[in-house]
Structures are given as structure tokens and as C-alpha cells.
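A short write-up of the structure that comes next.
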Amino acid sequence: MKYNRILLKLSGEALMGNRQYGIDPVRLAEYATDIKEITDLGIQVAIVIGGGNIFRGVAGASNGMDRVQGDHMGMLATVINGLALQSALENADVPTRLQTAIHIEQVAEPFIRRKAMRHLEKGRVVIFGGGTGNPYFTTDSAAVLRAIEIEADVILKGTRVDGIYTADPEKDSQAIKFDHITFDDVLRKGLKVMDTTAFTLSQENELPIIVFDMNKKGNLLKVVSGENIGTKVNL
């Protein structure tokens, strides 16, 4: 395997499957199967998941809600998604721990870096909920921050498209896919990979990002095996 410890970033929208909102149990089970496939090979897996399928703080703020309160609601949505993913993984016999940046001790462990790393070393999947625990920061920023803290080898951003394109491939049929691109080129071309804070943090810490289609069965295994799928962003 090319990577020993990965941080998998999943969007909340990915959990909707073909639904308009909420959580699709079929999609959850598919993700659990793919994750089990790589943990069985000894790969250490940490996960950060968004909450956009339930609530998005920015959207709430645009409708007159206080931004800080909206972001706190979004953090709670990520915890709900984390609990759902934890349940699906445990149904697939994958030992899992949910840690949160906000204290909900009856529901999940608080985030403690050394404890998280110990869980990973013991073969447990660790899900990080609650974002960074601070408003105005996205789950992309949380993913990069946690990946750096746990010394992950790479960030795998699972999306519904198969990489980074010159434009949105769902809207522009002429969009061209990149197999590999540097951090500087992403910034120069104004490509939307992650929000600027997350992307800059990843660049400063020389942490590569691979964007790939998580919804295609077997792709996660291919990525960690070193196959050239998706788009890799590095120096």
C-alpha cells in the first residue's frame, strides 16, 4: 500500500445518495464496505465528515440567522453524520471511535490528539465530528487540521466527480481533467478544491490532497494502492 495513515474527507451531501436531504442508509453501507476493505489491509483511517445534508451555517446566515449560531448548528449536523457513519462501520465489524471538537461526552469522546493516534494504531477508524469547534471554519479546514495533527500521509477528498477540472464538469462538457496539479497552479487558476484557509494550511505543511470519485466502488482501494485515479495536488 502506498499510504499507511489517511484522512478521508467526506461531504455531508455525499451521504444523501439520490435523496434531496438527510442520510441514505444504502450509501452509508457502501461507504462502510469500502472503508472496511482498506482497514482489513492494515491502513489506518481517520475521517472528517461535513453536515451539508442536514444544515449549512452559511445558508442559515444568508437567511438572516446569526452566523455563529448557524455554524454551531452545522457542527451538530456533522456529529449526527458521524454517529450514522459510526453505526454503519460497526455493522460492518469495523471498530470505530467518534471524537468531537465540541464536548458531547454522552455521545462521543472529546478530541484528544494522542488518544486519536492510539486508536488508529490499534486499527480503529476515528471519525472527527464538530469541525474545528469554531465558527467561520469549514470542515475542509477541520480535515486539514486533523490530518496534520495525526500525521496523516495524505488527505483523500471523496466527491461525486472523478477529480479536479478546468471547470465544473457537471455544467461544462468541455472541462478538462487534471491528473496532477501543484498547489500554486490551483491558486493561480482559481480552481475550487477546498476553501482558501484549508488549502493554504495543506500547502504550508506539504500535505498532498487527492480528489477522487468516492461513489465508484473500489476507488478508495485503488487510491490507497497508488493507482493514478482522481487528481493529486502537491508541491
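Chain labels follow the order of the C-alpha cells: the first chain is A, the next B, and so on; residue numbering restarts at 1 in every chain, and ligands are counted from 1 in their shown order.
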
Excluding A:Lys36 and residues on its chain fewer than 3 positions from it, collect all residues at most 8 Å away from it, counting only C-alpha atoms, and give them as a list of chain:residue names.
-> A:Ala32, A:Thr33, A:Thr39, A:Asp40, A:Leu89, A:Ala92, A:Val94

9 Å contact set for A:His119, only C-alpha atoms, chain neighbours under 5 positions out, as a VMD selection string = chain A and resid 96 to 97 114 124 to 126

Store the residues of this selection in a file with N, CA and C atoms, as a PDB file, in the first residue's frame.
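After the write, again.pdb holds the following:
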ATOM      1  N   THR A  96     -14.734   1.426  15.624  1.00  0.00           N
ATOM      2  CA  THR A  96     -14.776   2.852  15.298  1.00  0.00           C
ATOM      3  C   THR A  96     -14.918   3.699  16.552  1.00  0.00           C
ATOM      4  N   ARG A  97     -14.279   4.862  16.538  1.00  0.00           N
ATOM      5  CA  ARG A  97     -14.447   5.833  17.606  1.00  0.00           C
ATOM      6  C   ARG A  97     -14.844   7.170  16.987  1.00  0.00           C
ATOM      7  N   ARG A 114      -3.467  12.562  21.125  1.00  0.00           N
ATOM      8  CA  ARG A 114      -2.740  11.328  21.424  1.00  0.00           C
ATOM      9  C   ARG A 114      -3.678  10.121  21.488  1.00  0.00           C
ATOM     10  N   ARG A 124      -8.434   1.031  14.835  1.00  0.00           N
ATOM     11  CA  ARG A 124      -9.787   1.596  14.877  1.00  0.00           C
ATOM     12  C   ARG A 124      -9.897   2.772  13.910  1.00  0.00           C
ATOM     13  N   VAL A 125     -11.035   2.868  13.251  1.00  0.00           N
ATOM     14  CA  VAL A 125     -11.328   4.051  12.447  1.00  0.00           C
ATOM     15  C   VAL A 125     -11.747   5.169  13.397  1.00  0.00           C
ATOM     16  N   VAL A 126     -11.192   6.360  13.191  1.00  0.00           N
ATOM     17  CA  VAL A 126     -11.542   7.502  14.035  1.00  0.00           C
ATOM     18  C   VAL A 126     -12.280   8.535  13.190  1.00  0.00           C
TER      19      VAL A 126
END

Which is closer to A:Glu206 than all the others in A:Val193, A:Val233, A:Val107, A:Val223, using only C-alpha atoms?
->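 For A:Glu206, the nearest of the candidates is A:Val233.
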
So how many Å separate atom CA of A:Thr197 and atom CA of A:Gly52, to one decimal?
->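 Separation of atom CA of A:Thr197 and atom CA of A:Gly52: 18.7 Å.
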
Looking at A:Val224, A:Ile148, A:Leu191, A:Ile164, which one is nearest to A:Asn4, with distances taken over only C-alpha atoms?
-> A:Val224

Looking only at alpha helix (DSSP H) from DSSP on the backbone, list the matching residues of stretch 24-187 of chain A as a count of residues only.
-> 71

So, counting only C-alpha atoms, which residue among A:Leu201, A:Met73, A:Ala88, A:Ile49 is closest to A:Leu145?
-> A:Leu201

Could you give me, as a ChimeraX atom specification, the residues within 8 Å of stretch 12-29 of chain A, counting only C-alpha atoms and dropping anything in the same chain fewer than 5 positions from it?
-> /A:49-54,78,81,84-85,88-89,159-160

Who sits within 12 Å of A:Gln99, only C-alpha atoms, same chain under 4 positions skipped, as a PyMOL selection string = chain A and resi 46-49+78-79+82-83+86+103-117+119+125-133+146

Could you pull out the residues in chain A that DSSP calls strand (DSSP E or B) from the backbone, as a count of residues only?
-> 46

Using only C-alpha atoms, which of the listed residues (A:Asp140, A:Asp179, A:Glu151, A:Asp162) sits closest to A:Thr196?
->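 That would be A:Asp140, the residue with the smallest distance to A:Thr196.
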
So, counting only C-alpha atoms, which residue among A:Tyr31, A:Ser11, A:Glu170, A:Phe137 is closest to A:Gly70?
->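 Looking only at the distances to A:Gly70, the closest residue turns out to be A:Phe137.
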
Find the residues near A:Asn228: any atom within 12 Å, counting only C-alpha atoms, skip ones fewer than 4 places away on the same chain, and give them as a PyMOL selection string.
-> chain A and resi 2+162-163+178-180+210-212+219-224+232

Which residue out of A:Ile35, A:Leu8, A:Met75, A:Gln203 has the minimum interatomic distance to A:Glu90 when only C-alpha atoms are used?
-> A:Ile35

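As for atom CA of A:Val58 and atom CA of A:Asp71, they are spaced 7.3 Å apart.
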
Go ahead and compute the interatomic distance for atom CA of A:Glu30 and atom CA of A:Gln44, in Å to one decimal.
->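 About the pair atom CA of A:Glu30 and atom CA of A:Gln44: they are 18.7 Å apart.
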